[in-house]
Every structure is written in C-alpha cells, then in structure tokens.
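**Student:** What follows is my_file.cif, mmCIF, C-alpha atoms.
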```
data_final
loop_
_atom_site.label_atom_id
_atom_site.label_comp_id
_atom_site.auth_asym_id
_atom_site.auth_seq_id
_atom_site.Cartn_x
_atom_site.Cartn_y
_atom_site.Cartn_z
CA MET A 496 58.12 20.93 -21.03
CA PRO A 497 59.73 17.54 -20.64
CA GLU A 498 58.88 15.00 -23.22
CA GLN A 499 56.35 12.36 -22.13
CA LYS A 500 57.88 8.99 -21.36
CA LYS A 501 57.16 6.54 -24.08
CA GLY A 502 55.79 3.17 -22.98
CA GLY A 503 56.53 -0.16 -24.54
CA PHE A 504 54.39 -1.82 -27.17
CA PHE A 505 52.33 -3.96 -24.72
CA SER A 506 51.71 -1.22 -22.19
CA ASP A 507 50.40 0.93 -25.03
CA LEU A 508 48.25 -1.92 -26.25
CA PHE A 509 46.57 -2.62 -22.88
CA ALA A 510 46.42 0.94 -21.61
CA PRO A 511 42.82 1.53 -22.76
CA VAL A 512 41.54 -1.51 -20.86
CA GLY A 513 43.85 -1.13 -17.87
CA GLY A 514 41.02 0.30 -15.79
CA PHE A 515 39.10 -2.93 -16.03
CA GLY A 516 41.89 -4.57 -14.11
CA VAL A 517 40.90 -2.51 -11.09
CA THR A 518 37.29 -3.55 -11.53
CA PHE A 519 38.25 -7.17 -11.87
CA ALA A 520 40.54 -7.15 -8.85
CA THR A 521 37.75 -5.59 -6.74
CA MET A 522 35.66 -8.71 -7.22
CA PHE A 523 38.08 -10.64 -5.03
CA ARG A 524 38.23 -8.11 -2.25
CA LYS A 525 36.32 -8.46 0.99
CA LEU A 526 32.87 -6.88 0.84
CA GLU A 527 32.59 -4.05 3.33
CA THR A 528 28.97 -3.17 2.71
CA GLU A 529 26.42 -4.16 5.32
CA GLU A 530 23.76 -6.12 3.46
CA TYR A 531 21.14 -4.53 5.64
CA PRO A 532 17.79 -6.24 5.28
CA GLU A 533 19.33 -9.68 4.85
CA GLU A 534 22.21 -9.46 7.30
CA LYS A 535 21.87 -7.06 10.16
CA ARG A 536 25.01 -5.93 11.86
CA PRO A 537 24.36 -6.16 15.59
CA THR A 538 24.18 -2.88 17.45
CA GLN A 539 26.30 -2.07 20.43
CA PRO A 540 24.87 -3.82 23.48
CA ARG A 541 23.86 -0.53 25.08
CA PHE A 542 22.37 0.95 21.93
CA HIS A 543 19.35 3.08 22.69
CA GLY A 544 16.50 1.44 20.87
CA ARG A 545 12.83 0.95 21.52
CA HIS A 546 11.71 0.96 25.16
CA GLN A 547 10.46 -1.97 27.14
CA LEU A 548 8.38 -2.11 30.29
CA ASN A 549 9.73 -4.90 32.42
CA ARG A 550 7.98 -7.35 34.70
CA HIS A 551 8.71 -8.97 38.02
CA PRO A 552 9.47 -12.72 37.85
CA ASP A 553 5.86 -13.58 38.61
CA GLY A 554 4.50 -11.41 35.80
CA LEU A 555 3.47 -8.33 37.79
CA GLU A 556 4.54 -5.08 36.19
CA LYS A 557 7.43 -3.15 37.58
CA CYS A 558 6.00 0.22 36.60
CA VAL A 559 4.48 2.00 39.58
CA GLY A 560 3.03 4.90 37.61
CA CYS A 561 5.20 7.54 39.26
CA GLU A 562 5.62 9.55 36.04
CA LEU A 563 9.27 10.30 36.73
CA CYS A 564 10.11 9.17 33.21
CA ALA A 565 7.56 11.59 31.80
CA TRP A 566 9.01 14.40 33.88
CA ALA A 567 12.55 13.57 32.87
CA CYS A 568 11.71 13.45 29.18
CA PRO A 569 13.16 16.50 27.41
CA ALA A 570 10.95 15.96 24.39
CA ASP A 571 7.73 15.41 26.35
CA ALA A 572 7.23 12.11 24.57
CA ILE A 573 5.94 10.00 27.45
CA LEU A 574 2.45 9.95 28.84
CA VAL A 575 1.87 8.06 32.08
CA GLU A 576 -1.22 7.84 34.16
CA GLY A 577 -1.06 5.93 37.38
CA ALA A 578 -3.95 4.24 39.12
CA ASP A 579 -4.45 2.41 42.41
CA ASN A 580 -4.05 -1.32 42.63
CA THR A 581 -6.98 -3.02 44.26
CA ASP A 582 -7.34 -6.52 45.67
CA ASP A 583 -9.45 -7.46 42.66
CA ALA A 584 -7.08 -6.06 40.10
CA ARG A 585 -3.46 -5.89 41.05
CA PHE A 586 -0.99 -5.12 38.27
CA SER A 587 2.12 -4.33 40.26
CA PRO A 588 3.32 -4.91 43.81
CA GLY A 589 2.58 -1.99 46.10
CA GLU A 590 0.04 0.76 45.86
CA ARG A 591 0.07 2.07 42.33
CA TYR A 592 0.60 0.91 38.78
CA GLY A 593 0.84 2.59 35.39
CA ARG A 594 -2.64 2.35 33.95
CA VAL A 595 -1.80 4.33 30.83
CA TYR A 596 1.64 4.24 29.37
CA GLN A 597 2.35 5.77 25.98
CA ILE A 598 5.56 6.76 24.27
CA ASN A 599 5.39 8.92 21.18
CA TYR A 600 8.26 7.73 19.04
CA LEU A 601 7.98 10.76 16.82
CA ARG A 602 9.02 12.88 19.78
CA CYS A 603 11.34 10.49 21.57
CA ILE A 604 15.00 11.26 20.98
CA PHE A 605 16.26 8.06 22.60
CA CYS A 606 18.37 9.97 25.09
CA GLY A 607 17.71 7.51 27.89
CA LEU A 608 16.92 10.07 30.58
CA CYS A 609 13.69 8.20 31.28
CA ILE A 610 15.70 5.04 31.95
CA GLU A 611 17.89 6.95 34.38
CA ALA A 612 14.85 8.41 36.07
CA CYS A 613 13.00 5.13 36.54
CA PRO A 614 13.19 4.19 40.24
CA THR A 615 12.09 0.59 39.78
CA ARG A 616 14.01 -0.28 36.63
CA ALA A 617 10.66 -0.83 34.98
CA LEU A 618 11.65 1.06 31.87
CA THR A 619 14.67 -0.05 29.91
CA MET A 620 15.71 0.12 26.30
CA THR A 621 16.06 -2.67 23.80
CA ASN A 622 18.24 -2.76 20.71
CA PHE A 623 15.27 -2.76 18.37
CA TYR A 624 15.31 0.10 15.90
CA GLU A 625 13.08 -0.69 12.90
CA LEU A 626 10.33 1.78 13.69
CA ALA A 627 9.41 3.45 10.40
CA ASP A 628 5.70 3.73 9.70
CA ASN A 629 3.40 5.57 7.33
CA ASN A 630 1.37 7.56 9.86
CA ARG A 631 1.89 9.41 13.06
CA GLY A 632 -0.75 7.60 15.07
CA ASP A 633 0.86 4.18 14.90
CA LEU A 634 4.12 5.52 16.21
CA ILE A 635 2.55 6.29 19.56
CA PHE A 636 3.26 3.04 21.32
CA THR A 637 0.86 2.01 24.03
CA LYS A 638 1.40 -0.03 27.13
CA GLU A 639 0.52 -3.36 25.51
CA GLN A 640 3.15 -2.81 22.85
CA LEU A 641 5.81 -1.72 25.29
CA LEU A 642 5.32 -4.40 27.93
CA ALA A 643 7.88 -7.17 27.96
CA PRO A 644 6.53 -10.52 26.79
CA LEU A 645 5.75 -13.07 29.47
CA GLN A 646 8.68 -15.28 30.30
CA GLU A 647 8.69 -18.76 31.78
CA GLY A 648 6.88 -18.79 35.13
CA MET A 649 5.11 -15.47 34.61
CA LEU A 650 1.38 -14.87 34.74
CA THR A 651 -0.59 -12.13 33.04
CA PRO A 652 -1.59 -9.44 35.51
CA PRO A 653 -3.86 -8.69 37.25
CA HIS A 654 -3.18 -11.17 39.99
CA PRO A 655 -2.24 -10.92 43.67
CA MET A 656 1.29 -10.79 44.99
CA VAL A 657 3.01 -13.95 46.10
CA ASP A 658 1.58 -15.10 49.44
CA GLY A 659 3.40 -13.70 52.42
CA MET A 660 5.45 -11.32 50.34
CA GLU A 661 5.24 -7.56 50.35
CA GLU A 662 6.41 -4.95 47.90
CA ARG A 663 9.92 -4.75 49.34
CA ASP A 664 10.44 -8.50 48.89
CA TYR A 665 9.95 -8.13 45.15
CA TYR A 666 12.81 -5.67 44.95
CA GLN A 667 15.04 -7.81 47.15
CA GLY A 668 14.74 -10.61 44.65
CA LYS A 669 12.82 -12.97 46.89
CA VAL A 670 10.24 -13.72 44.20
CA SER A 671 11.45 -16.10 41.54
CA LYS A 672 8.27 -17.19 39.75
CA ALA A 673 4.51 -17.34 40.01
CA THR A 674 3.22 -19.61 42.76
CA PRO A 675 0.42 -22.21 42.46
CA GLU A 676 -1.83 -19.89 44.51
CA GLN A 677 -1.41 -17.15 41.96
CA GLU A 678 -2.08 -19.57 39.12
CA ARG A 679 -5.27 -20.67 40.83
CA TRP A 680 -6.35 -17.06 41.31
CA VAL A 681 -5.70 -16.30 37.66
CA SER A 682 -7.65 -19.32 36.43
CA GLU A 683 -10.57 -18.34 38.66
CA HIS A 684 -10.65 -14.63 37.91
CA GLN A 685 -9.43 -14.15 34.39
CA ALA A 686 -11.98 -15.36 31.90
CA GLU A 687 -9.86 -15.18 28.79
CA PRO A 688 -7.21 -17.82 28.26
CA GLU A 689 -3.63 -16.65 28.39
CA ASP A 690 -2.25 -15.92 25.00
CA GLY A 691 0.72 -13.87 26.06
CA LEU A 692 -1.17 -10.61 25.66
CA ALA A 693 -1.63 -8.19 28.46
CA TRP A 694 -5.01 -7.85 30.05
CA THR A 695 -6.48 -4.72 28.54
CA GLY A 696 -9.62 -4.34 30.59
CA ASP A 697 -10.12 -1.52 32.99
CA PRO A 698 -10.70 -2.06 36.69
CA VAL A 699 -13.17 0.82 36.78
CA GLU A 700 -16.65 -0.67 36.55
CA GLY A 701 -15.78 -2.91 33.66
CA VAL A 702 -15.51 -0.09 31.16
CA ASP A 703 -12.83 -0.85 28.66
CA THR A 704 -11.24 2.58 28.61
CA LEU A 705 -7.78 1.30 27.82
CA ALA A 706 -8.80 -0.35 24.62
CA GLY A 707 -11.25 2.40 23.76
CA GLY A 708 -8.71 5.11 24.39
CA ARG A 709 -6.17 3.43 22.25
CA GLN A 710 -8.62 3.23 19.44
CA ALA A 711 -9.35 6.92 19.77
CA THR A 712 -5.65 7.53 19.44
CA ARG A 713 -5.40 5.38 16.37
CA ASP A 714 -8.48 5.94 14.30
CA THR A 715 -7.67 9.31 12.85
CA ASP A 716 -4.38 8.88 11.17
CA LYS A 717 -5.11 5.43 9.84
CA ALA A 718 -7.49 6.54 7.17
CA VAL A 719 -5.85 9.05 4.94
CA LYS A 720 -2.50 10.41 4.29
CA ARG A 721 -2.93 13.16 1.81
CA MET B 464 0.76 11.23 -16.39
CA GLY B 465 1.33 8.94 -19.31
CA ILE B 466 -0.59 6.35 -21.25
CA GLU B 467 -0.74 4.08 -18.19
CA GLU B 468 -3.10 6.58 -16.58
CA LYS B 469 -5.56 6.24 -19.47
CA LEU B 470 -6.00 2.48 -19.24
CA PRO B 471 -9.39 1.15 -18.17
CA ALA B 472 -9.59 -0.83 -14.94
CA GLY B 473 -9.13 -4.57 -15.03
CA PHE B 474 -6.49 -7.19 -15.62
CA LEU B 475 -4.40 -5.03 -17.94
CA LEU B 476 -4.21 -2.10 -15.57
CA THR B 477 -3.36 -4.29 -12.58
CA THR B 478 -0.52 -5.82 -14.53
CA VAL B 479 0.75 -2.42 -15.58
CA GLU B 480 0.49 -1.33 -11.95
CA GLN B 481 2.66 -4.21 -10.86
CA VAL B 482 5.29 -3.50 -13.48
CA ALA B 483 5.22 0.25 -12.93
CA GLY B 484 5.44 -0.25 -9.17
CA TYR B 485 8.43 -2.52 -9.56
CA MET B 486 10.17 -0.12 -11.91
CA ARG B 487 9.43 2.90 -9.79
CA LYS B 488 10.54 1.36 -6.53
CA SER B 489 13.77 0.12 -8.08
CA SER B 490 14.90 3.51 -9.30
CA VAL B 491 13.97 6.07 -6.71
CA TRP B 492 16.37 8.98 -6.81
CA PRO B 493 16.54 10.99 -3.63
CA ALA B 494 16.95 14.75 -3.55
CA THR B 495 19.65 16.06 -1.27
CA PHE B 496 17.72 17.79 1.40
CA GLY B 497 19.74 17.71 4.57
CA LEU B 498 18.60 20.34 7.02
CA ALA B 499 20.45 19.36 10.17
CA CYS B 500 22.21 16.53 11.97
CA CYS B 501 20.08 13.82 10.34
CA ALA B 502 21.78 14.75 7.08
CA ILE B 503 25.02 13.29 8.44
CA GLU B 504 23.36 9.92 8.82
CA MET B 505 21.77 10.32 5.41
CA MET B 506 25.22 10.88 3.95
CA ALA B 507 26.43 7.78 5.77
CA VAL B 508 23.76 5.81 3.93
CA GLY B 509 25.39 6.88 0.69
CA THR B 510 28.80 5.54 1.69
CA PRO B 511 30.00 2.08 0.64
CA ASP B 512 29.41 0.87 4.18
CA TYR B 513 25.63 0.99 3.73
CA ASP B 514 25.48 1.67 0.01
CA ILE B 515 22.11 3.11 -0.86
CA ALA B 516 22.85 2.25 -4.51
CA ARG B 517 21.89 -1.33 -3.72
CA PHE B 518 18.29 -0.10 -3.82
CA GLY B 519 18.58 1.68 -7.13
CA MET B 520 19.22 5.05 -5.53
CA GLU B 521 22.34 5.58 -7.53
CA ARG B 522 22.95 9.12 -6.55
CA PHE B 523 21.52 11.94 -4.54
CA SER B 524 20.11 14.35 -7.04
CA ALA B 525 21.27 17.92 -6.59
CA THR B 526 18.30 19.27 -8.51
CA PRO B 527 14.76 18.51 -7.43
CA ARG B 528 13.76 18.25 -11.07
CA GLN B 529 15.52 14.91 -11.34
CA ALA B 530 14.50 13.56 -7.97
CA ASP B 531 11.68 11.23 -6.96
CA LEU B 532 12.19 11.08 -3.24
CA MET B 533 12.64 13.85 -0.76
CA ILE B 534 14.32 12.79 2.44
CA VAL B 535 13.60 15.65 4.79
CA ALA B 536 16.52 15.16 7.13
CA GLY B 537 16.47 17.50 10.06
CA ARG B 538 14.34 20.09 11.79
CA VAL B 539 12.36 22.37 9.50
CA SER B 540 12.43 25.92 10.76
CA GLN B 541 9.60 28.30 9.95
CA LYS B 542 11.93 30.17 7.69
CA MET B 543 12.88 27.03 5.79
CA ALA B 544 9.28 25.91 5.35
CA PRO B 545 8.54 27.77 2.10
CA VAL B 546 11.79 26.48 0.66
CA VAL B 547 10.87 22.91 1.52
CA ARG B 548 7.54 23.38 -0.19
CA GLN B 549 9.11 24.93 -3.26
CA VAL B 550 11.63 22.17 -3.65
CA TYR B 551 8.83 19.65 -3.27
CA ASP B 552 6.77 21.42 -5.91
CA GLN B 553 9.69 21.38 -8.30
CA MET B 554 9.97 17.61 -8.14
CA PRO B 555 8.22 15.77 -10.97
CA GLU B 556 5.39 13.35 -10.27
CA PRO B 557 5.37 10.68 -9.00
CA LYS B 558 7.20 11.79 -5.89
CA TRP B 559 7.54 10.57 -2.34
CA VAL B 560 8.65 12.00 0.96
CA ILE B 561 10.40 10.40 3.88
CA SER B 562 10.35 12.44 7.04
CA MET B 563 13.63 11.43 8.60
CA GLY B 564 14.09 11.86 12.31
CA VAL B 565 11.79 13.08 15.01
CA CYS B 566 12.31 16.78 14.31
CA ALA B 567 11.09 16.53 10.75
CA SER B 568 8.30 14.15 11.76
CA SER B 569 6.80 16.04 14.67
CA GLY B 570 9.13 18.76 15.82
CA GLY B 571 10.80 16.33 18.21
CA MET B 572 12.24 17.95 21.27
CA PHE B 573 12.02 21.38 19.69
CA ASN B 574 8.50 22.22 20.65
CA ASN B 575 8.91 25.95 20.11
CA TYR B 576 7.98 28.82 17.84
CA ALA B 577 10.95 28.42 15.53
CA ILE B 578 10.36 24.89 14.35
CA VAL B 579 7.55 23.53 12.21
CA GLN B 580 5.88 20.82 14.27
CA GLY B 581 6.13 18.14 11.64
CA VAL B 582 6.95 18.59 8.00
CA ASP B 583 3.58 17.06 7.13
CA HIS B 584 2.14 20.49 7.84
CA ILE B 585 3.76 21.57 4.59
CA ILE B 586 4.13 18.53 2.36
CA PRO B 587 2.50 15.09 2.35
CA VAL B 588 4.72 12.53 4.05
CA ASP B 589 4.80 8.88 3.04
CA VAL B 590 7.04 7.40 5.70
CA TYR B 591 7.80 8.73 9.16
CA LEU B 592 11.07 7.65 10.64
CA PRO B 593 11.75 8.08 14.36
CA GLY B 594 15.18 8.48 15.85
CA CYS B 595 17.44 11.34 16.79
CA PRO B 596 19.14 10.89 14.45
CA PRO B 597 18.07 7.53 13.04
CA ARG B 598 20.94 5.17 12.40
CA PRO B 599 21.61 4.40 8.73
CA GLU B 600 19.87 1.03 9.02
CA MET B 601 16.76 2.82 10.20
CA LEU B 602 16.79 4.97 7.08
CA LEU B 603 17.26 1.88 4.92
CA ASN B 604 14.33 0.34 6.75
CA ALA B 605 12.24 3.42 6.00
CA ILE B 606 13.25 3.22 2.35
CA LEU B 607 12.19 -0.42 2.23
CA THR B 608 8.88 0.51 3.84
CA LEU B 609 8.47 3.11 1.13
CA HIS B 610 9.31 0.52 -1.53
CA GLU B 611 6.41 -1.59 -0.30
CA GLN B 612 4.13 1.42 -0.61
CA ILE B 613 5.34 2.23 -4.10
CA GLN B 614 4.93 -1.37 -5.23
CA GLY B 615 1.32 -1.32 -4.07
CA SER B 616 0.45 2.07 -5.54
CA LYS B 617 -2.44 2.40 -7.97
CA LEU B 618 -2.73 3.96 -11.40
CA GLY B 619 -5.40 5.56 -13.51
CA VAL B 620 -8.98 4.74 -12.55
CA ASN B 621 -7.83 2.55 -9.68
CA ARG B 622 -5.94 5.50 -8.33
CA VAL B 623 -8.99 7.71 -8.51
CA ALA B 624 -11.03 5.04 -6.74
CA ALA B 625 -8.39 4.66 -4.02
CA ALA B 626 -8.26 8.40 -3.49
CA ARG B 627 -12.04 8.52 -3.21
CA ALA B 628 -12.07 5.66 -0.71
CA ALA B 629 -9.39 7.38 1.33
CA GLU B 630 -11.35 10.60 1.34
CA GLU B 631 -14.51 8.87 2.46
CA ALA B 632 -12.62 7.17 5.25
CA ALA B 633 -11.27 10.54 6.28
CA MET B 634 -14.75 11.99 6.37
CA ARG B 635 -15.94 9.17 8.60
CA ALA B 636 -13.01 9.39 11.01
CA THR B 637 -13.45 11.23 14.28
CA PRO B 638 -11.99 14.72 14.08
CA THR B 639 -9.05 15.29 16.34
CA HIS B 640 -10.86 17.81 18.47
CA GLN B 641 -13.57 15.27 19.24
CA MET B 642 -11.26 12.48 20.22
CA THR B 643 -11.14 11.48 23.84
CA GLY B 644 -7.71 10.40 24.82
CA LEU B 645 -6.79 8.56 27.94
CA LEU B 646 -5.69 11.73 29.65
CA ALA B 647 -9.18 13.17 29.43
CA GLU B 648 -10.69 9.83 30.28
CA GLY B 649 -8.92 9.74 33.63
CA ALA B 650 -11.34 12.21 35.15
CA GLY B 651 -14.31 11.26 33.05
CA SER B 652 -14.27 7.47 32.97
CA LEU B 653 -16.33 7.01 36.11
CA ARG B 654 -19.04 9.28 34.85
CA VAL B 655 -18.91 7.75 31.41
CA ALA B 656 -19.42 4.38 33.01
CA ALA B 657 -22.34 5.64 35.06
CA GLY B 658 -24.03 7.31 32.12
CA GLN B 659 -23.27 4.54 29.62
CA GLN B 660 -22.28 7.14 27.08
CA ALA B 661 -20.39 6.34 23.98
CA PRO B 662 -16.86 7.69 24.35
CA HIS B 663 -17.06 9.71 21.15
CA ASP B 664 -20.38 11.30 21.91
CA HIS B 665 -19.57 14.86 22.78
CA THR B 666 -22.97 15.62 24.19
CA VAL B 667 -21.83 14.10 27.47
CA SER B 668 -22.04 16.55 30.29
CA HIS B 669 -18.51 16.13 31.59
CA ALA B 670 -17.06 18.00 28.68
CA GLY B 671 -14.50 19.84 30.81
CA SER B 672 -11.41 17.96 29.75
CA HIS B 673 -13.22 15.87 27.25
CA HIS B 674 -11.92 17.26 24.04
CA HIS B 675 -8.27 16.86 24.68
CA HIS B 676 -6.46 14.25 22.81
CA GLY B 677 -4.43 12.51 25.44
CA GLY B 678 -2.45 10.34 23.06
CA VAL B 679 -0.34 12.94 21.40
CA ALA B 680 2.31 14.03 23.82
#
```
Spell out the structure here as structure tokens.
**Tutor:**
Amino acid sequence: MPEQKKGGFFSDLFAPVGGFGVTFATMFRKLETEEYPEEKRPTQPRFHGRHQLNRHPDGLEKCVGCELCAWACPADAILVEGADNTDDARFSPGERYGRVYQINYLRCIFCGLCIEACPTRALTMTNFYELADNNRGDLIFTKEQLLAPLQEGMLTPPHPMVDGMEERDYYQGKVSKATPEQERWVSEHQAEPEDGLAWTGDPVEGVDTLAGGRQATRDTDKAVKR
Amino acid sequence: MGIEEKLPAGFLLTTVEQVAGYMRKSSVWPATFGLACCAIEMMAVGTPDYDIARFGMERFSATPRQADLMIVAGRVSQKMAPVVRQVYDQMPEPKWVISMGVCASSGGMFNNYAIVQGVDHIIPVDVYLPGCPPRPEMLLNAILTLHEQIQGSKLGVNRVAAARAAEEAAMRATPTHQMTGLLAEGAGSLRVAAGQQAPHDHTVSHAGSHHHHGGVA
C-alpha cells in the first residue's frame, strides 16, 4: 500500500472547511430552478392544455354539435349534445349548435384527437394547465367555462347571422365583426346586459335546463370529501 | 392527536390552528408511490429544475411511517388496490393524498376491469390533478392547492364541528342515482317543461332515462 501523500500545513489546516468553498461558490452560479408559482416558464406554443370553444368574429359559436370530438375521444371524456338553431335563438351559423358541451378533465388525456376531429375548428387547446381541484365534480368543465371570451366586435349569442350571409360565408372569412343590425337584435331580445358571460338559458319553453343540469352535476361532490 | 386537539374552541384554538396549519403545510413529506408513467413526472419535480424542496418537501420518504403526503402517481390496478390502502393506513395522521393524473383520479382512458376507476374508491383524496401525465408545474400547482387546504384545516372541537357540517351537507345532497344530467334531460326537458316538475323530483312520469347522470362521461 503506497503511503498517503502528505499535504502542506495550510492545506491540512483548511481541509475540514474545504467543503464550504463549494457551497459558497454555488451562491454565485446561475439559478437553474424554475421558481414556479412566481415565475412560470412558458410552455411550448403547441402545448396541449385546457380546451377552448372558439367563436366566429361576430360572436356566434363555431361548434355545430356534431359530436365528432366525443367520438374521437379515446378516454370518453367529452359529452356533446346538439340542438337545432331557431330564428329566435341562433347560437351558431347553420342548422345545429352544441347545446351541451362538457369535458371531464379527470378523463381527458390531452391527446388532441378531438382537435383533429373538429370539422369547424371550434375546439382548440390553450396552454393553460393549472387544473388541480379538490373534487371530481368541478373538474367537469361545462360549455360556459370552455367558451372563448368575447373579443372586440363580438356579441353574446343567441343572435341572427350577419344580414345577407349564409353559413358558408362564415367559413370563407367574409364576416369580420358584428353588424349594427345584430346589435339592435341583441338589445331588443336579450334582457340581461352583456357582461361577457354566455347566455345560459334554454330555447325550449324558457326552462333553464342548462343551468339546472350543471347544478345537478355539481351539487354532489361539493359537499363532502371524506 | 396531541394537546392541540384538547383545546376548547375560541381564540386560542384558532390561533393554534393557524400556527399548526402553517407548520404542517411547510413540512409535508411525500411518500414515494409511483405506480406508472406519472411517477416519472413526479421524479422530475424532485430534480433541481423544479425543486420540490422549496416547499419543505425535503425528500421523498421511502417508508410510509415517515410520510405525510401520498402522491398516487399512476393507474391503480385492482391488484395494487389493497397495497395502496395498506400503505395509506401505515402513514401517521395527519395525512393527505394527491391523486396525480387522470388514471389515479378516475381511471382515465383505462375504463376496464383491470383498473380501479379512481383511487378515491380506496382512500380519501384531497386534491385531484388532471393530466396524462401532468407536467411538473401541474403537480406543484396541486401541492400549492393542498397547502391552502392544510392551512385552513381545523383542530379539536372545530374539527368535529366541521366534520359534522360536512356530513349534514352530504345527507342533504342529491344522491348520484337521483341526479338528472343533461343527457337525460335531452329527451325529458319538453315534458318537464309541460309538467312544471322540479328536475330532482323523481316521481315524474318520464323516468325512462331520468336517473342517468349525464355529466360524468
């Protein structure tokens, strides 16, 4: 066994505290940790986050209630129920709209097959990911939560299509914003003032099934956990 | 558990609750309980890049007896279920559970005979975290959500009162089998409107699809 190399007087003296040098030097190194709640590192632009139901430029919904997203979903997380648009209550251009739209985020695996399936580009994904909650009921997102907020020049549905336009014109980009006729219709027919929230009433005989149904979904899990 | 549970309600107990909540939330030690792919993201949370130690979770405890938090990361198979329960039972009170990822939370895309459809069938869950798997930030977000819960938790008599209030609320809530979801409403809404029936009244005659809960997909 070779004899251990003998250090000098000073190296022997500082050997016990030599480790602190590493600690001290670390204080001047660049911090690699993401300081999550304070500073969020942006996701990749195409990160699969929470869904969003888009709108046409005049505020009408793009969803036509075809349920292709629900059929494409491998986890069976999406519930869609279409209904007919009427002249009194038109939510999307064309015949049908999605009356009920729910995504169960405790089933959704964010694979994006629903986005691929959507024929009208109504369903897209955002980069939002902070979804944790303390019960299962609140993680079923309903249509009001998923709908995109109203942008400049948009009106809350229901309201008629732009005068002289038909469904195809919406997809050809001929509609740029709500017209004065639509604004007049909205002010005449919608009692509640616009507050950026979607109209939650039901066109069927004034029964508020949308709101009522959502409550039925919610009530249970709210109360107790264990 | 200790002397704090014996205190009478009032100013003193509320203060102790605040302090205890702060202490508890700042030193939650997770148990290593990776069951599947979510465990990889859970491990990533332990790396210096995300650094779970910033929240007082200095290390993942290899024994449940020294752990406060169970992060159920991954799908729970039927065969694993008793093990999950046993590990949970071995953890000392107070203890919390995060159900990480959709498989642990609800079965996710594995809606089949092999997978428990939500770990809350076996153990009480405090925070449900969606994602498949959730990114590390999502887990940190769930942990922060849990911290809020721990900070607001009650002790002693207040805890008993809270439990009683929760139980009463549960008794009042509509049972799942009586809930009318939107799916059932689709056929029934016209008749409900005509009959002016309350939606939760199950004496309505159109009970065909009435009892299904349309919300849960």
**Student:** Could you check the closest approach to Cys566 (chain B) for each of A:His684, A:Met660, A:Cys603, A:Asp571 and tell me which residue wins, using only C-alpha atoms?
**Tutor:** A:Cys603
**Student:** Apply the PyMOL selection byres ((chain B) within 6 of (chain A)) to the displayed file and report the matching residues as a compact mmCIF listing (two decimals) with C-alpha atoms, in the frame of the given file.
**Tutor:**
```txt
# COMPACT_ATOMS: atom_id res chain seq x y z
CA PRO B 511 30.00 2.08 0.64
CA ASP B 512 29.41 0.87 4.18
CA TYR B 513 25.63 0.99 3.73
CA VAL B 565 11.79 13.08 15.01
CA SER B 569 6.80 16.04 14.67
CA GLY B 571 10.80 16.33 18.21
CA MET B 572 12.24 17.95 21.27
CA PRO B 587 2.50 15.09 2.35
CA ASP B 589 4.80 8.88 3.04
CA VAL B 590 7.04 7.40 5.70
CA TYR B 591 7.80 8.73 9.16
CA LEU B 592 11.07 7.65 10.64
CA PRO B 593 11.75 8.08 14.36
CA GLY B 594 15.18 8.48 15.85
CA CYS B 595 17.44 11.34 16.79
CA MET B 601 16.76 2.82 10.20
CA ALA B 605 12.24 3.42 6.00
CA ALA B 629 -9.39 7.38 1.33
CA ALA B 632 -12.62 7.17 5.25
CA ALA B 633 -11.27 10.54 6.28
CA ALA B 636 -13.01 9.39 11.01
CA MET B 642 -11.26 12.48 20.22
CA GLY B 644 -7.71 10.40 24.82
CA LEU B 645 -6.79 8.56 27.94
CA GLY B 678 -2.45 10.34 23.06
CA ALA B 680 2.31 14.03 23.82
```
**Student:** Any chance you could resolve the PyMOL selection byres ((chain B and resi 586) around 12) against this file and give the residues as an MDAnalysis selection string?
**Tutor:** (chainID A and resid 720:721) or (chainID B and resid 533:535 539 544:552 558:562 567:568 579 581:585 587:590)
**Student:** By how many Å are CA of Asn575 (chain B) and CA of His640 (chain B) apart?
**Tutor:**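 Going from CA of Asn575 (chain B) over to CA of His640 (chain B) covers 21.4 Å.
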**Student:** Which value, in Å to one decimal, gives the distance between CA of Asn604 (chain B) and CA of Met543 (chain B)?
**Tutor:**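 Separating CA of Asn604 (chain B) from CA of Met543 (chain B) is a distance of 26.7 Å.
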**Student:** Between B:Glu611, B:Glu600, B:Glu480, B:Glu468, which one has atoms that come closest to Glu533 (chain A), using all atoms listed in the file?
**Tutor:** B:Glu600
**Student:** Let me know the residues the PyMOL selection byres ((chain A and resi 583) around 9) catches in the file above, as a list in words.
**Tutor:**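 Checked against the file, the PyMOL selection byres ((chain A and resi 583) around 9) matches Asn580, Thr581, Asp582, Ala584, Arg585, Pro653, His654, Pro655, His684 and Pro698 of chain A.
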**Student:** Just the selected residues (C-alpha atoms), exported as a PDB file, in the coordinates of the input, please.
**Tutor:**
```
ATOM      1  CA  ASN A 580      -4.050  -1.320  42.630  1.00  0.00           C
ATOM      2  CA  THR A 581      -6.980  -3.020  44.260  1.00  0.00           C
ATOM      3  CA  ASP A 582      -7.340  -6.520  45.670  1.00  0.00           C
ATOM      4  CA  ALA A 584      -7.080  -6.060  40.100  1.00  0.00           C
ATOM      5  CA  ARG A 585      -3.460  -5.890  41.050  1.00  0.00           C
ATOM      6  CA  PRO A 653      -3.860  -8.690  37.250  1.00  0.00           C
ATOM      7  CA  HIS A 654      -3.180 -11.170  39.990  1.00  0.00           C
ATOM      8  CA  PRO A 655      -2.240 -10.920  43.670  1.00  0.00           C
ATOM      9  CA  HIS A 684     -10.650 -14.630  37.910  1.00  0.00           C
ATOM     10  CA  PRO A 698     -10.700  -2.060  36.690  1.00  0.00           C
TER      11      PRO A 698
END
```
**Student:** Measuring between all atoms listed in the file, which one of A:Ser506, A:Ser682, A:Gln539, A:Ser587 shows the shortest distance to His551 (chain A)?
**Tutor:**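 Using all atoms listed in the file, the shortest distance to His551 (chain A) belongs to A:Ser587.
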**Student:** Quick one, how far is CA of Gly593 (chain A) from CA of Thr615 (chain A)?
**Tutor:**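 According to the coordinates, CA of Gly593 (chain A) and CA of Thr615 (chain A) are separated by 12.2 Å.
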**Student:** Can you pull out the residues contacting Leu548 (chain A)? Cut-off 10 Å, using only C-alpha atoms, and skip same-chain residues under 5 positions away; I want them as an MDAnalysis selection string.
**Tutor:** chainID A and resid 556:558 596 616:620 638:644
**Student:** Dump C-alpha atoms for the selected residues as a compact mmCIF listing (two decimals), keeping the file's coordinate frame?
**Tutor:**
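As a result, out.txt now contains:
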```txt
# COMPACT_ATOMS: atom_id res chain seq x y z
CA GLU A 556 4.54 -5.08 36.19
CA LYS A 557 7.43 -3.15 37.58
CA CYS A 558 6.00 0.22 36.60
CA TYR A 596 1.64 4.24 29.37
CA ARG A 616 14.01 -0.28 36.63
CA ALA A 617 10.66 -0.83 34.98
CA LEU A 618 11.65 1.06 31.87
CA THR A 619 14.67 -0.05 29.91
CA MET A 620 15.71 0.12 26.30
CA LYS A 638 1.40 -0.03 27.13
CA GLU A 639 0.52 -3.36 25.51
CA GLN A 640 3.15 -2.81 22.85
CA LEU A 641 5.81 -1.72 25.29
CA LEU A 642 5.32 -4.40 27.93
CA ALA A 643 7.88 -7.17 27.96
CA PRO A 644 6.53 -10.52 26.79
```
**Student:** Using all atoms listed in the file, which residues sit within 10 Å of Arg622 (chain B) once same-chain residues fewer than 5 positions away are excluded, as a list of chain:residue names?
**Tutor:**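 Near neighbours after the sequence-gap exclusion: B:Glu468, B:Ala472, B:Ser616, B:Lys617, B:Arg627, B:Ala628.
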